[in-house]
$ cat structure.pdb   # PDB, C-alpha atoms and all ligand atoms
ATOM      1  CA  MET A   1      -5.114  10.879 -11.122
ATOM      2  CA  VAL A   2      -4.997  10.935  -7.329
ATOM      3  CA  LEU A   3      -7.259  13.362  -5.471
ATOM      4  CA  ASP A   4      -6.294  14.545  -2.038
ATOM      5  CA  LEU A   5      -9.556  14.728  -0.104
ATOM      6  CA  ARG A   6      -8.196  15.888   3.227
ATOM      7  CA  GLN A   7     -10.279  19.055   3.057
ATOM      8  CA  LEU A   8     -13.468  17.068   2.566
ATOM      9  CA  PHE A   9     -12.767  14.978   5.621
ATOM     10  CA  GLY A  10     -12.240  18.130   7.669
ATOM     11  CA  GLY A  11     -15.833  18.202   8.867
ATOM     12  CA  ASP A  12     -17.178  21.232   6.994
ATOM     13  CA  ASP A  13     -19.791  20.785   4.309
ATOM     14  CA  ARG A  14     -18.079  21.082   0.946
ATOM     15  CA  SER A  15     -18.327  19.713  -2.519
ATOM     16  CA  LEU A  16     -15.769  18.994  -5.154
ATOM     17  CA  PRO A  17     -16.990  18.799  -8.739
ATOM     18  CA  LEU A  18     -15.736  15.902 -10.828
ATOM     19  CA  ASP A  19     -15.247  15.997 -14.560
ATOM     20  CA  ALA A  20     -12.411  13.917 -15.901
ATOM     21  CA  GLU A  21     -11.531  11.621 -18.752
ATOM     22  CA  PHE A  22      -9.465   8.475 -18.653
ATOM     23  CA  ASP A  23      -7.828   6.541 -21.418
ATOM     24  CA  LEU A  24      -8.698   2.846 -21.089
ATOM     25  CA  SER A  25      -7.686   1.954 -24.634
ATOM     26  CA  ASP A  26      -4.999  -0.416 -23.320
ATOM     27  CA  ILE A  27      -7.469  -2.431 -21.247
ATOM     28  CA  GLU A  28      -8.323  -5.829 -22.684
ATOM     29  CA  PHE A  29     -11.845  -7.234 -22.705
ATOM     30  CA  SER A  30     -12.470 -10.674 -24.234
ATOM     31  CA  GLY A  31      -9.270 -10.533 -26.238
ATOM     32  CA  ALA A  32      -9.938  -7.088 -27.736
ATOM     33  CA  PHE A  33      -9.329  -3.459 -26.820
ATOM     34  CA  PRO A  34     -12.830  -2.039 -27.208
ATOM     35  CA  ILE A  35     -12.615   1.224 -25.259
ATOM     36  CA  LYS A  36     -10.971   3.314 -27.931
ATOM     37  CA  THR A  37     -12.277   6.683 -26.781
ATOM     38  CA  PRO A  38     -11.729   8.112 -23.282
ATOM     39  CA  VAL A  39     -14.133   7.204 -20.510
ATOM     40  CA  ARG A  40     -15.685  10.258 -18.865
ATOM     41  CA  ILE A  41     -16.686  10.622 -15.257
ATOM     42  CA  THR A  42     -18.840  13.560 -14.145
ATOM     43  CA  GLY A  43     -20.399  14.258 -10.798
ATOM     44  CA  GLU A  44     -19.202  15.386  -7.421
ATOM     45  CA  ILE A  45     -17.674  14.408  -4.148
ATOM     46  CA  LEU A  46     -19.730  15.779  -1.316
ATOM     47  CA  SER A  47     -18.957  16.233   2.338
ATOM     48  CA  LYS A  48     -22.129  16.595   4.358
ATOM     49  CA  THR A  49     -22.592  16.286   8.088
ATOM     50  CA  GLY A  50     -19.320  14.437   8.338
ATOM     51  CA  ILE A  51     -20.074  11.896   5.617
ATOM     52  CA  VAL A  52     -18.093  12.006   2.404
ATOM     53  CA  SER A  53     -19.707  10.505  -0.660
ATOM     54  CA  LEU A  54     -19.045  10.326  -4.352
ATOM     55  CA  SER A  55     -21.913  10.545  -6.786
ATOM     56  CA  ALA A  56     -21.046  10.366 -10.447
ATOM     57  CA  VAL A  57     -21.947   9.043 -13.865
ATOM     58  CA  LEU A  58     -19.584   7.157 -16.136
ATOM     59  CA  SER A  59     -19.909   7.279 -19.919
ATOM     60  CA  VAL A  60     -18.250   4.560 -21.908
ATOM     61  CA  GLN A  61     -18.104   3.904 -25.626
ATOM     62  CA  TYR A  62     -17.495   0.221 -26.356
ATOM     63  CA  GLU A  63     -16.413  -0.738 -29.867
ATOM     64  CA  ALA A  64     -16.048  -4.368 -30.833
ATOM     65  CA  ASP A  65     -17.275  -6.982 -33.250
ATOM     66  CA  CYS A  66     -20.622  -8.576 -32.428
ATOM     67  CA  ASP A  67     -20.060 -11.884 -30.594
ATOM     68  CA  ARG A  68     -22.484 -13.695 -32.885
ATOM     69  CA  CYS A  69     -22.231 -12.194 -36.364
ATOM     70  CA  GLY A  70     -18.928 -10.299 -36.262
ATOM     71  CA  THR A  71     -20.356  -6.965 -37.389
ATOM     72  CA  PRO A  72     -18.391  -4.023 -35.932
ATOM     73  CA  THR A  73     -20.677  -2.556 -33.294
ATOM     74  CA  VAL A  74     -20.456   0.555 -31.146
ATOM     75  CA  LYS A  75     -22.389   0.711 -27.891
ATOM     76  CA  HIS A  76     -22.700   3.591 -25.455
ATOM     77  CA  TYR A  77     -23.102   2.926 -21.783
ATOM     78  CA  ARG A  78     -23.893   5.399 -19.031
ATOM     79  CA  PHE A  79     -24.086   4.189 -15.502
ATOM     80  CA  PRO A  80     -24.056   5.723 -12.033
ATOM     81  CA  VAL A  81     -21.326   5.315  -9.456
ATOM     82  CA  GLU A  82     -22.306   5.945  -5.843
ATOM     83  CA  LYS A  83     -19.739   5.494  -3.108
ATOM     84  CA  THR A  84     -19.348   6.410   0.501
ATOM     85  CA  LEU A  85     -15.751   7.328   1.105
ATOM     86  CA  VAL A  86     -14.285   6.349   4.435
ATOM     87  CA  THR A  87     -10.826   6.502   5.927
ATOM     88  CA  GLU A  88     -11.261   3.287   7.836
ATOM     89  CA  LEU A  89     -13.819   0.558   8.279
ATOM     90  CA  ALA A  90     -15.688  -0.064  11.471
ATOM     91  CA  ASN A  91     -16.176  -3.746  12.206
ATOM     92  CA  GLY A  92     -18.644  -5.473   9.906
ATOM     93  CA  GLU A  93     -19.371  -2.253   8.125
ATOM     94  CA  GLU A  94     -17.965  -3.154   4.753
ATOM     95  CA  ASN A  95     -20.142  -3.239   1.660
ATOM     96  CA  ASP A  96     -19.853  -2.570  -2.059
ATOM     97  CA  GLU A  97     -20.767   1.072  -1.709
ATOM     98  CA  MET A  98     -17.905   1.798   0.626
ATOM     99  CA  LEU A  99     -14.514   2.803  -0.536
ATOM    100  CA  VAL A 100     -11.698   2.902   1.955
ATOM    101  CA  LEU A 101      -9.173   5.602   1.189
ATOM    102  CA  GLU A 102      -5.601   5.412   2.178
ATOM    103  CA  ASP A 103      -4.274   8.729   3.452
ATOM    104  CA  MET A 104      -7.576  10.389   2.432
ATOM    105  CA  LYS A 105      -6.492  10.068  -1.169
ATOM    106  CA  LEU A 106      -8.691   8.790  -3.957
ATOM    107  CA  ASP A 107      -7.185   7.219  -7.043
ATOM    108  CA  LEU A 108      -9.822   8.212  -9.533
ATOM    109  CA  TYR A 109      -8.336   6.195 -12.381
ATOM    110  CA  GLU A 110      -8.435   3.032 -10.326
ATOM    111  CA  LEU A 111     -12.040   3.655  -9.329
ATOM    112  CA  VAL A 112     -13.076   4.309 -12.942
ATOM    113  CA  LEU A 113     -11.246   1.233 -14.188
ATOM    114  CA  THR A 114     -12.810  -1.035 -11.540
ATOM    115  CA  GLU A 115     -16.308   0.269 -12.179
ATOM    116  CA  VAL A 116     -15.988  -0.057 -15.953
ATOM    117  CA  VAL A 117     -14.662  -3.611 -15.739
ATOM    118  CA  LEU A 118     -17.551  -4.591 -13.457
ATOM    119  CA  ALA A 119     -20.191  -2.849 -15.524
ATOM    120  CA  MET A 120     -19.370  -3.994 -19.035
ATOM    121  CA  PRO A 121     -21.669  -6.773 -20.198
ATOM    122  CA  THR A 122     -19.986 -10.074 -20.970
ATOM    123  CA  LYS A 123     -21.898 -10.407 -24.234
ATOM    124  CA  HIS A 124     -21.466  -7.806 -26.936
ATOM    125  CA  LEU A 125     -24.180  -8.053 -29.567
ATOM    126  CA  CYS A 126     -25.060  -5.791 -32.479
ATOM    127  CA  ARG A 127     -28.651  -6.157 -31.327
ATOM    128  CA  GLU A 128     -30.450  -8.255 -28.738
ATOM    129  CA  ASP A 129     -31.939 -10.657 -31.271
ATOM    130  CA  CYS A 130     -28.857 -10.988 -33.485
ATOM    131  CA  ARG A 131     -29.262 -14.201 -35.516
ATOM    132  CA  GLY A 132     -25.567 -14.733 -36.039
ATOM    133  CA  VAL A 133     -24.048 -16.351 -39.086
ATOM    134  CA  CYS A 134     -24.900 -19.614 -40.833
ATOM    135  CA  ALA A 135     -22.563 -22.355 -39.650
ATOM    136  CA  THR A 136     -22.439 -23.796 -43.152
ATOM    137  CA  CYS A 137     -21.988 -20.868 -45.534
ATOM    138  CA  GLY A 138     -21.092 -18.061 -43.135
ATOM    139  CA  LYS A 139     -23.816 -15.718 -44.330
ATOM    140  CA  ASN A 140     -24.936 -13.056 -41.845
ATOM    141  CA  LEU A 141     -28.496 -14.211 -41.104
ATOM    142  CA  ASN A 142     -29.541 -10.718 -39.997
ATOM    143  CA  GLU A 143     -29.418  -9.845 -43.691
ATOM    144  CA  GLY A 144     -31.738 -12.695 -44.625
ATOM    145  CA  ASP A 145     -31.886 -16.468 -44.781
ATOM    146  CA  CYS A 146     -29.314 -18.384 -46.736
ATOM    147  CA  ASP A 147     -29.866 -21.281 -49.090
ATOM    148  CA  CYS A 148     -28.445 -23.928 -46.764
ATOM    149  CA  ARG A 149     -31.424 -23.615 -44.470
ATOM    150  CA  GLU A 150     -33.944 -24.165 -47.213
ATOM    151  CA  ALA A 151     -31.991 -27.129 -48.479
ATOM    152  CA  VAL A 152     -31.897 -28.722 -45.057
ATOM    153  CA  GLY A 153     -35.521 -27.877 -44.410
ATOM    154  CA  ASP A 154     -36.854 -29.238 -47.686
ATOM    155  CA  PRO A 155     -35.237 -32.410 -49.033
ATOM    156  CA  ARG A 156     -36.959 -32.061 -52.428
ATOM    157  CA  LEU A 157     -35.328 -28.704 -52.927
ATOM    158  CA  ALA A 158     -31.957 -30.219 -52.078
ATOM    159  CA  VAL A 159     -32.469 -32.852 -54.764
ATOM    160  CA  LEU A 160     -33.501 -30.194 -57.258
ATOM    161  CA  LYS A 161     -30.435 -28.171 -56.453
ATOM    162  CA  GLN A 162     -28.208 -31.164 -56.894
ATOM    163  CA  LEU A 163     -29.801 -31.832 -60.283
ATOM    164  CA  LEU A 164     -29.253 -28.252 -61.351
ATOM    165  CA  LYS A 165     -25.676 -28.434 -60.211
ATOM    166  CA  ASP A 166     -25.059 -31.652 -62.135
ATOM    167  CA  GLY A 167     -26.488 -30.035 -65.240
ATOM    168  CA  GLU A 168     -24.053 -27.121 -65.108
TER     169      GLU A 168
HETATM  170 ZN    ZN B 201     -24.664  -9.543 -34.513
HETATM  171 ZN    ZN B 202     -25.921 -20.952 -45.049
END

$ encode --input "structure.pdb" --output "structure tokens"
Amino acid sequence: MVLDLRQLFGGDDRSLPLDAEFDLSDIEFSGAFPIKTPVRITGEILSKTGIVSLSAVLSVQYEADCDRCGTPTVKHYRFPVEKTLVTELANGEENDEMLVLEDMKLDLYELVLTEVVLAMPTKHLCREDCRGVCATCGKNLNEGDCDCREAVGDPRLAVLKQLLKDGE
């Protein structure tokens, strides 16, 4: 979706409301395709006293397995996008908030994609303190301790277990 912003760069104060959805389901993150539902951008592009700026909020639903325990986990993210739109850069003026438009056109999809890629956390956990799975038996430790731990922690118990096993 390419927006022609010529009118906003005309000098008059104007605003252009933004409300659009983009399909990012084909974008890969860490070997998966976690953005299964469309990403929504809402906000506005504002021209005021000769300065054109974009002020919006992105909503993203991220669905993937927890990095530690593998439980399917859905997370919702909402984050702001604030940009000053310029048609050219004055020397040394460049910064992250500035977006240089070619031909006064804004590729909204490209902007959304860039912002989402930058904003998504590199770790995807079902919860902050996820305990992961036991390396020995594979049990999800969020659901409780497994027997391996006790056995390692208490040698007498390990012996007892072995005895019970032998008796089977
Ligand atoms: Zn987890
Ligand atoms: Zn275990």

$ residues_around --input "structure.pdb" --residues "Glu63 (chain A)" --least-positions-apart "3" --cutoff "6 Å" --atoms "all atoms listed in the file" --output "mmCIF file with C-alpha atoms, in the frame of the given file"
data_model
loop_
_atom_site.group_PDB
_atom_site.id
_atom_site.type_symbol
_atom_site.label_atom_id
_atom_site.label_comp_id
_atom_site.auth_asym_id
_atom_site.auth_seq_id
_atom_site.Cartn_x
_atom_site.Cartn_y
_atom_site.Cartn_z
ATOM 1 C CA PRO A 34 -12.830 -2.039 -27.208
ATOM 2 C CA THR A 73 -20.677 -2.556 -33.294
ATOM 3 C CA VAL A 74 -20.456 0.555 -31.146
#

$ atom_distance --input "structure.pdb" --atom1 "CA of Leu113 (chain A)" --atom2 "CA of Leu24 (chain A)"
7.5 Å

$ residues_near_ligand --input "structure.pdb" --ligand "ligand ZN 201 (chain B)" --cutoff "8 Å" --atoms "all atoms listed in the file" --output "list in words"
Asp65, Cys66, Asp67, Arg68, Cys69, Gly70, Thr71, Leu125, Cys126, Arg127, Cys130, Arg131, Gly132 and Asn142 of chain A

$ write_last_selection --input "structure.pdb" --atoms "C-alpha atoms" --output "compact mmCIF listing (two decimals), in the coordinates of the input"
# COMPACT_ATOMS: atom_id res chain seq x y z
CA ASP A 65 -17.27 -6.98 -33.25
CA CYS A 66 -20.62 -8.58 -32.43
CA ASP A 67 -20.06 -11.88 -30.59
CA ARG A 68 -22.48 -13.70 -32.88
CA CYS A 69 -22.23 -12.19 -36.36
CA GLY A 70 -18.93 -10.30 -36.26
CA THR A 71 -20.36 -6.96 -37.39
CA LEU A 125 -24.18 -8.05 -29.57
CA CYS A 126 -25.06 -5.79 -32.48
CA ARG A 127 -28.65 -6.16 -31.33
CA CYS A 130 -28.86 -10.99 -33.48
CA ARG A 131 -29.26 -14.20 -35.52
CA GLY A 132 -25.57 -14.73 -36.04
CA ASN A 142 -29.54 -10.72 -40.00

$ closest_residue --input "structure.pdb" --among "A:Lys165, A:Lys139, A:Lys75, A:Lys105" --to "Lys123 (chain A)" --atoms "all atoms listed in the file"
A:Lys75

$ resolve_selection --input "structure.pdb" --expression "the PyMOL selection byres (((chain A and resi 36-46) around 7) and not hetatm)" --output "list in words"
Arg14, Ser15, Leu16, Pro17, Leu18, Asp19, Ala20, Glu21, Phe22, Asp23, Leu24, Ser25, Pro34, Ile35, Ser47, Lys48, Val52, Ser53, Leu54, Ser55, Ala56, Val57, Leu58, Ser59, Val60 and Gln61 of chain A

$ resolve_selection --input "structure.pdb" --expression "the PyMOL selection byres (((not hetatm)) within 8 of (chain B and resi 202))" --output "number ranges by chain"
A: 133-139, 145-149

$ write_last_selection --input "structure.pdb" --atoms "C-alpha atoms" --output "CSV table (one decimal), keeping the file's coordinate frame"
chain,number,residue,atom,x,y,z
A,133,VAL,CA,-24.0,-16.4,-39.1
A,134,CYS,CA,-24.9,-19.6,-40.8
A,135,ALA,CA,-22.6,-22.4,-39.6
A,136,THR,CA,-22.4,-23.8,-43.2
A,137,CYS,CA,-22.0,-20.9,-45.5
A,138,GLY,CA,-21.1,-18.1,-43.1
A,139,LYS,CA,-23.8,-15.7,-44.3
A,145,ASP,CA,-31.9,-16.5,-44.8
A,146,CYS,CA,-29.3,-18.4,-46.7
A,147,ASP,CA,-29.9,-21.3,-49.1
A,148,CYS,CA,-28.4,-23.9,-46.8
A,149,ARG,CA,-31.4,-23.6,-44.5

$ resolve_selection --input "structure.pdb" --expression "the PyMOL selection byres (((chain A and resi 87) around 8) and not hetatm)" --output "PyMOL selection string"
chain A and resi 85-86+88-89+100-104

$ closest_residue --input "structure.pdb" --among "A:Leu108, A:Thr114, A:Ile27, A:Ile51" --to "Asp12 (chain A)" --atoms "only C-alpha atoms"
A:Ile51
